[in-house]
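Enquirer: Let me give you the structure first, and then I'll get to my questions.
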Amino acid sequence: MSLQTYVLENDEWVSRTVSADELLRDNTAARRKTGRQSLSKSPTCGILTKTIVESPVIRWVLPVQLRSARYNDVALIGDHCVQICELGRDRQLQDVVSKKDFGSRIRNAVVMGSPQYSRKASETAEDNIPVKAEDSDTEMAGLGATGSGSPYVNLQLPPQLLVLVLEKGDLVFLFLQKGPARSWVFVSSTHKVPGQRLVYPGFHMAIDPSSSFLALGCAENLFIMYQLESMDNLQAQYLNRQPLQPIKKREARSVKGIIHKIEFLHPTHGNEVQVILMIIIVQPDASKLAIYEWENTSDLRKVFSEERKGYRLDEDYRLPLLVVPLKVRNAFLIITERITATCSDILSGPPTFVQFELANREDTELHHGTREPLWTAWTRPIRHPPYHDRKDVIYLAREDGLINFLECGDESEIETSVSMGSVDCNIDTAFASLFHLFGDVLVTGGDSGPGAVWNVQARQSPQRIGSIPNWSPTVDFVVTNDGMLEDSTESSSSSVGKMVPYQPDRIFACSGRGITGAITQFRYGLQARIGLDLTYPFIVRQCWAISDLDLDEDMERGFFLLLALPNASSILHLSGDLSEASEKDQDATPYDLTSTTLAVQEANGAVVQITANYITIVTPAGCYQSLTSDVIRDHTAVVADVAIEGSTIALAVYTGSDFRIILLKIVGLEVSVQRTFDVEGEVTCIAMGSYAGSLVVLAGLQQGRDPTLAIYPAELEQQSHTEPLLLKLLPNADTSSHNVANSWGPSAFGALTSIVNLGERFNKAVIVAGTKDGDVLTIKLNESLPGSHEIYRDRLSPSPSRVYSGAAVGDPNAILVCSDAELVIMTSYVTDRQGGHFEEIYRVWPTDGDRPNTSSPPINAVASLHEQLPEFGNSVMVMVSGSRIMVTELQRQPKPVPRYFPVYGTPVKILYSKRLEALITVVSKNGSPSLHFLDRETGHDLSLPLERKKLNEAYNYHEVDYITGLGNPDTRAISLTTWTYRNGGVRGDWIVLAMRRKDNEGLLLIISAESENVSTETNGSRRIRFWTKFDRKIRDGPIWSAATDEHGVFLCVGEIIQYHVIEQGKFKISRQYQLPSPASWMEVVNGRLHAITTNHSLMVLDYKSDWYEEDEQMTELHTDAICRHSLHAIEIGTILSPITLLSDRICGIHGLWAPDEDERPLSLLFGAELQASIRRFARGYTRAVWGSIKNRPRYGCLPTGITGSDIIGLTIDGSLQHFSLLNEDAWRFLRFIQNLAIVSPLICPHAFLDWTTTEISPEPEMYPRIYMHVDGDVLQRCRDKRVLEELASKPQDLKRFRELIKPLDEDGYLPSTPGPDDNQPFFELAYSILKYYLAPVLS
């Protein structure tokens, strides 16, 4: 069929015959809209955000005794967090507790009260109760909440309070007390700053030396003076369990101009009632110094009834950087960019300025910029009070790390000005001197690179004794795609859970600036600080710490380490201070060193050692040693494993293929056989413990394919019951008495390698076993029903797992798990609808403070040291890694444990090449960019830059410092990406580096890289050869961003996107597109180009279609109807429902949906406001092995890419955020919980005050779209405190709670017809949902 029609050709209408197919094809290609067209509908979904790594930035370091006078505490204060640490006797900072629930940025902080470091500990009996340190936001919001009669509440107010002012206008007073769980909890008193139109109230904050008055200054025009209650009056309030009311009166005073500085000056010596306030006000034509003086009994209204005119400051002092009040002569130091001076005589007329010079003003190598470095902070070291009657001492810190020591007298100006040298870290406002009996301890921190703790001895330079992690600023990061998936071929939904990344992806970020710049690897878990580190000549299989029983009173205290070697044993003697270690010969020790040690027990002043050949008992009175074969009267038997409990020894022996378990009894120094059990099968491990009130032997047997847990009676006086209880451990049993809770399918368990008896928990016996396949089995037994048991499986490693009791670190409720790859601690045993299991599992990261770039060694054995070193507490332990023996201190709270790869410059771009197995980063050194390849395991620089020159028909390569195009200080790296080029038979794997030149031009570098062949005979290190394959100058304008597909390279040059392809060996621009503003980021997503513009949000472009063969323009498919100052984006939806997650410069994220129809604008699905802007998004398998298997979409969680992967965002201040996409049911339920929480003083104690006068409904609302956001940090506090029952206590809230959770009951856990009071299943399911969404994402 054909039709006659007219078409326009060469500007003339001509008649032409077209077929029906041509007409239909043309009609389809044309983009036309019809009024009756059915448009696609946007999905309804929400977003859940969760902080997985807090920002490490510290703004203030304040010594403050928030607990009692016997604690040497310090507050590390960031933008949103307060971390309380204790300075130990070893001068190391130990985490105590943190608080993160302010709901607003912290604007300023001071300390109220006077320290009492010189006072001896004289606490009440309650204050001496052992207290565990908890990293928790637990809070009692005012003293009224503490009046529950808890026996652990300390009725003694601490010497000091921490005072914070928040951006939203709250004044918060904080201190710590002991909670009912013997952990430290915060007590707060919050007061609203009056006035809604104030300009940044709290921008300036100062407290007078007697802590009687607090000044709160706005940025301009006004300050508020608070008169505070004395600490004695606050103590009376506290004893009477009244709400803490630190504020007595307040008075506001308006001023004319910008408030530049506010400080209280020290009164004249002996005049305790004198109060002096100094304020510097900047006006357009001059700066003025105003002084307010009054007595502390004066009426504030009269004192501030009129503004003081003040004294005009000379131009040299107009804008001081620092004002330092001195304790003598009512004077202060004034420090500007170029002048340092003392200011005195302020009460008798115009002030007197006397300039002085600071020693050693040379710049250090940490200085950034072309101008002189600035003095940024000061601190006053602690001295005995009489010292400050006539003198004052000050440490001054400069931003490039220089520290100056000043001494001032009461009769002269500066008596001493000494340069203390420089410290190797930048110093911002975080600078403090801490009290210590043997010298000053300085804490330094900056906005660029890690901080540090320094010991300062008299007349000596500061010595680094500790580090404070800080990886900010972070400008780029990458997630390695290491995850190896075991993908089931089954099509059922259950197979989704079998996609397991055996090696989690790792996260690396560009951090720091200048010589402190580094590539930082993000790790999370429990840090174990390595102290003593010994290397033994042979591999050590196991280690035990035992006391020196022969220690005389005159001998130095010490202990022994008994080492089990593959075929022998060894013993080391360590001094009590760990300064000396020596090995003992066989002649010098009573222990058997001729064969490998299998078990050791020290109890009641005796040590029992069982080796492969001997049984040895050592006491202060004597020694017993006998061949094991003589004791059991079988010289052909081989001892396979041993367990000791009190005076009972259990031996697992075999003769040929026959195994037996033999029980021995220790009486004095004699050992005899009491009972023998014949075993069917192989004994793989053995342990002892209590079961059903009796001592038993727990043995792992291998009988055929499946392992068996055998329980043998060990009570020697009972002869009636000798038959063991055999429990076959089957993963697929479906009987009611034998249940396995796991997500790994029906794969069989491996042979048991070790057993720990956890004891009775929740009226059930609990046994934990490691397996050969890397599983840890938590077995719950019903003692009243022999044979009835449940199993919960955790897979921690692909290599064999060996379990140890947490008693090694002072926590018998925990389990330590060693494998060939890592050390893991399992804590918080619970019993819920999933069975009995450990709720928290964290990896332990041994770290060496002197070598922050080294990897954490794999731990194959651990041993306790708290009996040998009681003064260090329960956290000191021995870790064995092959031939290394390390004495470590385990930190109790999980936290980031970063690892640094120094690059000695500022890293600006990073990516990971799986082909090269290397990190690729652009580093700016002295302003010149260079390209580096780093080994991801060691951090070693593998770079071998080459220059390629063509000689005749071949290429010649020679080594250079920089490849072609790099090393020029006039260029700056803009984009770094890979290019997998595919065009017919031509294939290439290249690196694309886009540069911007100072002359408003661009430079495109195409770089080839390959691993250099290294001979295994020479044991040479691996190198990566790389060179510039192609460089092209872009003269059309500066390059803003770059992207690639398999055919070409996209460049945003000015406001034009250019698509460069290779034709006949040369680059050619095949397509272009004019943007409304430059594209800061581009990426090809599902065959379409996504461009993020600086001022106009996301644009989706079609660059492939050839509707107009002669038209080189790309086609706009979708764009955002709202202009956003965008930073980055990532695709989180599916091909059928594409959703883009977009970040902007004002801390927002936005979910944009692209409809099926072209030319329709993007739809906003959700929005959120975060604490900081997301600089980069990434996707990866970052969860630990034990968490990745549980990361399948459920409970309304929508997939955001490949199953099991997570979306992570990096902020400029170094925090990591996690994003989960929610369907409507999940969003409604979680948002409902959040709405209940934000008005609860238990969860949001400071935001709660904002709602006290407003009645809000907890019902979730969809508009505005920011309500589609769920704050995972709020939900985390709900879960930690388990307050869902209290939040939903109102009948109407409880009813709605039950309605909203029903659609999420995927497993049918809720009763079909629940009664009105049957609420427990609903709350259990809710906690399971929170646990799923808030599970750790980083390992």
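By order in the structure tokens, chains are A, B, ...; within a chain, residues start at 1; ligands start at 1, following the order shown.
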Do a neighbour search on region 1099-1105 of chain A at 8 Å with only C-alpha atoms, toss out local chain neighbours closer than 3 positions, and write the hits as a list in words.
Expert: Arg1071, Gly1087, Arg1088, Leu1089, His1090, Ala1091, Ile1092, Thr1093, Gln1113, Met1114, Thr1115, Glu1116, Leu1117, His1118, Thr1119 and Asp1120 of chain A
Enquirer: Write out as an mmCIF file with C-alpha atoms, in the first residue's frame which residues come within 9 Å of Leu300 (chain A) when counting only C-alpha atoms, dropping same-chain ones fewer than 5 positions away.
Expert:
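Listed below is the output, around-v9.cif:
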```
data_model
loop_
_atom_site.group_PDB
_atom_site.id
_atom_site.type_symbol
_atom_site.label_atom_id
_atom_site.label_comp_id
_atom_site.auth_asym_id
_atom_site.auth_seq_id
_atom_site.Cartn_x
_atom_site.Cartn_y
_atom_site.Cartn_z
ATOM 1 C CA MET A 225 24.915 38.760 79.651
ATOM 2 C CA TYR A 226 23.815 35.794 81.784
ATOM 3 C CA GLN A 227 24.348 35.716 85.514
ATOM 4 C CA LYS A 249 19.423 36.437 85.411
ATOM 5 C CA ARG A 250 20.090 37.790 81.947
ATOM 6 C CA GLU A 251 20.447 41.229 80.411
ATOM 7 C CA TRP A 294 31.238 45.725 87.823
ATOM 8 C CA SER A 305 21.851 50.386 80.984
#
```
Enquirer: Which residues are near Gly656 (chain A)? Cut-off 10 Å, only C-alpha atoms, ignore same chain within fewer than 6 positions. Put them as an MDAnalysis selection string.
Expert: chainID A and resid 636:638
Enquirer: Would you work out the distance separating CA of Asp482 (chain A) from CA of Gly849 (chain A), expressed in Å to one decimal?
Expert: 27.6 Å
Enquirer: Ranking A:Val74, A:Trp1227, A:Val273, A:Gly310 by minimum distance to Ala430 (chain A) and counting only C-alpha atoms, which one comes first?
Expert: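 Of A:Val74, A:Trp1227, A:Val273, A:Gly310, the one nearest Ala430 (chain A) is A:Val74, counting only C-alpha atoms.
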Enquirer: For a quick check of understanding, using only C-alpha atoms, which of A:Asn470, A:Ser419, A:Ser1240, A:Gln893 has the smallest distance to Ser98 (chain A)?
Expert: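 Once distances to Ser98 (chain A) are computed over only C-alpha atoms, the minimum belongs to A:Gln893.
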Enquirer: Using only C-alpha atoms, determine which residues lie at most 10 Å from region 880-892 of chain A, disregarding the query and same-chain residues fewer than 5 positions distant; provide the list as a PyMOL selection string.
Expert: chain A and resi 94-96+132-135+525-543+561+563+565+578+809+820+822+844-848+856-865+872-875
Enquirer: Next, write the just-selected residues to a file, as a compact mmCIF listing (two decimals), in the first residue's frame, keeping N, CA and C atoms as the atom set.
Expert:
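Contents of out.txt, freshly written:
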```txt
# COMPACT_ATOMS: atom_id res chain seq x y z
N GLN A 94 41.39 7.90 76.10
CA GLN A 94 40.47 6.77 76.05
C GLN A 94 39.04 7.31 75.93
N ASP A 95 38.30 6.79 74.95
CA ASP A 95 36.92 7.22 74.76
C ASP A 95 36.07 6.84 75.97
N VAL A 96 35.23 7.77 76.39
CA VAL A 96 34.33 7.52 77.52
C VAL A 96 32.89 7.46 77.03
N LYS A 132 31.54 1.00 83.30
CA LYS A 132 32.02 0.70 81.96
C LYS A 132 31.81 1.91 81.07
N ALA A 133 32.70 2.06 80.11
CA ALA A 133 32.59 3.18 79.17
C ALA A 133 31.70 2.76 78.03
N GLU A 134 30.75 3.61 77.69
CA GLU A 134 29.81 3.30 76.61
C GLU A 134 29.80 4.45 75.63
N ASP A 135 29.84 4.13 74.36
CA ASP A 135 29.68 5.16 73.35
C ASP A 135 28.20 5.28 73.05
N GLY A 525 35.19 -0.67 63.23
CA GLY A 525 35.20 -1.79 64.15
C GLY A 525 35.82 -1.38 65.47
N LEU A 526 36.45 -2.34 66.14
CA LEU A 526 37.11 -2.09 67.41
C LEU A 526 38.61 -1.98 67.17
N GLN A 527 39.18 -0.90 67.63
CA GLN A 527 40.61 -0.70 67.47
C GLN A 527 41.37 -1.38 68.60
N ALA A 528 42.47 -2.02 68.25
CA ALA A 528 43.37 -2.61 69.24
C ALA A 528 44.74 -1.96 69.04
N ARG A 529 45.13 -1.12 69.96
CA ARG A 529 46.40 -0.41 69.83
C ARG A 529 47.55 -1.33 70.20
N ILE A 530 48.48 -1.45 69.29
CA ILE A 530 49.64 -2.32 69.51
C ILE A 530 50.66 -1.58 70.35
N GLY A 531 51.07 -2.21 71.45
CA GLY A 531 52.14 -1.67 72.28
C GLY A 531 53.43 -2.42 71.99
N LEU A 532 53.69 -3.43 72.79
CA LEU A 532 54.87 -4.28 72.56
C LEU A 532 54.63 -5.14 71.34
N ASP A 533 55.62 -5.17 70.46
CA ASP A 533 55.52 -5.94 69.21
C ASP A 533 56.79 -6.76 69.05
N LEU A 534 56.68 -8.08 69.23
CA LEU A 534 57.83 -8.98 69.14
C LEU A 534 57.69 -9.86 67.92
N THR A 535 58.81 -10.20 67.33
CA THR A 535 58.85 -11.15 66.23
C THR A 535 59.65 -12.36 66.65
N TYR A 536 58.98 -13.51 66.68
CA TYR A 536 59.64 -14.75 67.10
C TYR A 536 60.17 -15.47 65.86
N PRO A 537 61.25 -16.25 66.01
CA PRO A 537 61.82 -16.90 64.81
C PRO A 537 60.92 -17.94 64.16
N PHE A 538 59.93 -18.45 64.89
CA PHE A 538 59.09 -19.51 64.35
C PHE A 538 57.62 -19.12 64.45
N ILE A 539 56.80 -19.84 63.69
CA ILE A 539 55.36 -19.62 63.73
C ILE A 539 54.81 -20.04 65.10
N VAL A 540 53.97 -19.18 65.66
CA VAL A 540 53.35 -19.45 66.96
C VAL A 540 51.89 -19.82 66.73
N ARG A 541 51.51 -21.00 67.24
CA ARG A 541 50.14 -21.46 67.04
C ARG A 541 49.19 -20.94 68.11
N GLN A 542 49.67 -20.84 69.34
CA GLN A 542 48.83 -20.41 70.45
C GLN A 542 49.73 -19.80 71.51
N CYS A 543 49.11 -19.06 72.42
CA CYS A 543 49.87 -18.34 73.44
C CYS A 543 49.05 -18.28 74.72
N LEU A 561 55.10 -15.66 78.94
CA LEU A 561 54.27 -16.02 77.78
C LEU A 561 54.70 -17.41 77.35
N LEU A 563 54.46 -20.19 74.67
CA LEU A 563 54.14 -20.24 73.25
C LEU A 563 54.05 -21.67 72.77
N LEU A 565 54.47 -23.84 69.64
CA LEU A 565 55.03 -23.87 68.29
C LEU A 565 54.52 -25.11 67.57
N LEU A 578 56.70 -4.05 80.47
CA LEU A 578 56.82 -4.48 79.07
C LEU A 578 58.04 -3.88 78.38
N VAL A 809 39.04 -10.58 77.22
CA VAL A 809 39.02 -9.11 77.25
C VAL A 809 38.05 -8.62 78.33
N ASP A 820 42.11 -17.10 59.54
CA ASP A 820 43.34 -16.74 58.84
C ASP A 820 43.31 -15.31 58.34
N GLU A 822 41.12 -12.54 59.83
CA GLU A 822 40.73 -11.44 60.69
C GLU A 822 40.37 -11.93 62.07
N VAL A 844 38.00 -6.60 64.70
CA VAL A 844 39.02 -5.97 65.52
C VAL A 844 40.20 -5.61 64.63
N TRP A 845 40.62 -4.34 64.69
CA TRP A 845 41.69 -3.84 63.84
C TRP A 845 42.92 -3.52 64.69
N PRO A 846 43.92 -4.39 64.77
CA PRO A 846 45.16 -4.02 65.44
C PRO A 846 45.88 -2.92 64.65
N THR A 847 46.26 -1.84 65.35
CA THR A 847 46.89 -0.70 64.68
C THR A 847 48.17 -0.32 65.40
N ASP A 848 49.11 0.16 64.62
CA ASP A 848 50.37 0.66 65.14
C ASP A 848 50.38 2.17 64.96
N SER A 856 46.36 -4.16 59.04
CA SER A 856 46.18 -4.90 60.28
C SER A 856 46.48 -6.37 60.04
N PRO A 857 47.34 -6.96 60.86
CA PRO A 857 47.72 -8.36 60.61
C PRO A 857 46.59 -9.32 60.93
N PRO A 858 46.51 -10.45 60.25
CA PRO A 858 45.52 -11.48 60.62
C PRO A 858 45.92 -12.11 61.94
N ILE A 859 44.95 -12.33 62.80
CA ILE A 859 45.20 -12.84 64.15
C ILE A 859 44.77 -14.31 64.21
N ASN A 860 45.69 -15.18 64.63
CA ASN A 860 45.36 -16.60 64.71
C ASN A 860 45.22 -17.09 66.15
N ALA A 861 45.53 -16.26 67.15
CA ALA A 861 45.35 -16.67 68.53
C ALA A 861 45.35 -15.44 69.42
N VAL A 862 44.68 -15.54 70.58
CA VAL A 862 44.62 -14.45 71.55
C VAL A 862 44.79 -15.04 72.94
N ALA A 863 45.20 -14.17 73.88
CA ALA A 863 45.34 -14.58 75.28
C ALA A 863 45.11 -13.37 76.16
N SER A 864 44.57 -13.62 77.34
CA SER A 864 44.27 -12.55 78.27
C SER A 864 45.51 -12.15 79.06
N LEU A 865 45.55 -10.86 79.44
CA LEU A 865 46.64 -10.35 80.27
C LEU A 865 46.13 -9.63 81.51
N PHE A 872 46.16 -2.18 84.05
CA PHE A 872 45.71 -1.74 82.74
C PHE A 872 44.27 -2.16 82.45
N GLY A 873 43.62 -2.82 83.40
CA GLY A 873 42.24 -3.21 83.19
C GLY A 873 42.12 -4.47 82.36
N ASN A 874 40.89 -4.70 81.88
CA ASN A 874 40.59 -5.93 81.14
C ASN A 874 40.83 -5.83 79.65
N SER A 875 41.26 -4.68 79.19
CA SER A 875 41.35 -4.48 77.74
C SER A 875 42.70 -4.88 77.16
```
Enquirer: Run DSSP on the backbone and grab whatever in region 418-609 of chain A lands in strand (DSSP E); send it over as a PyMOL selection string.
Expert: chain A and resi 418-422+430-434+440-445+451-456+463-468+474-479+507-511+518-522+524-535+542-547+558-564+569-575+581-584+597-603+606-609
Enquirer: Any idea what the distance is between CA of Asp706 (chain A) and CA of Val830 (chain A)?
Expert: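 Between CA of Asp706 (chain A) and CA of Val830 (chain A) the gap is 26.7 Å.
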Enquirer: For Ser690 (chain A), please output as a ChimeraX atom specification all residues within 8 Å (counting only C-alpha atoms; exclusion window: fewer than 3 positions along the same chain).
Expert: /A:693-696,757,759
Enquirer: If we count only C-alpha atoms and set the cut-off at 7 Å, which residues sit around Ile779 (chain A), ignoring sequence neighbours fewer than 2 positions away in its own chain? Please answer as a list of chain:residue names.
Expert: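 Counting only the stated atoms, we get A:Val766, A:Ile767, A:Val768, A:Leu777, A:Leu781, A:His789, A:Glu790, A:Ile791, A:Tyr792.
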Enquirer: Neighbouring residues of Lys50 (chain A) were defined as those with any atom within 6 Å, considering only C-alpha atoms; residues of the same chain fewer than 6 positions away were excluded. Please report them as a PyMOL selection string.
Expert: chain A and resi 1217-1218+1272-1273
Enquirer: If I take CA of Leu951 (chain A) and CA of Ile1007 (chain A), how far is one from the other in Å, to one decimal?
Expert: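 About the pair CA of Leu951 (chain A) and CA of Ile1007 (chain A): they are 19.5 Å apart.
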Enquirer: Check the smallest atom-to-atom distance from each of A:Cys1278, A:Leu289, A:Ala397, A:Met1262 to Leu322 (chain A) using only C-alpha atoms, then report the winner.
Expert: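 So, comparing all the options, the nearest one is A:Ala397.
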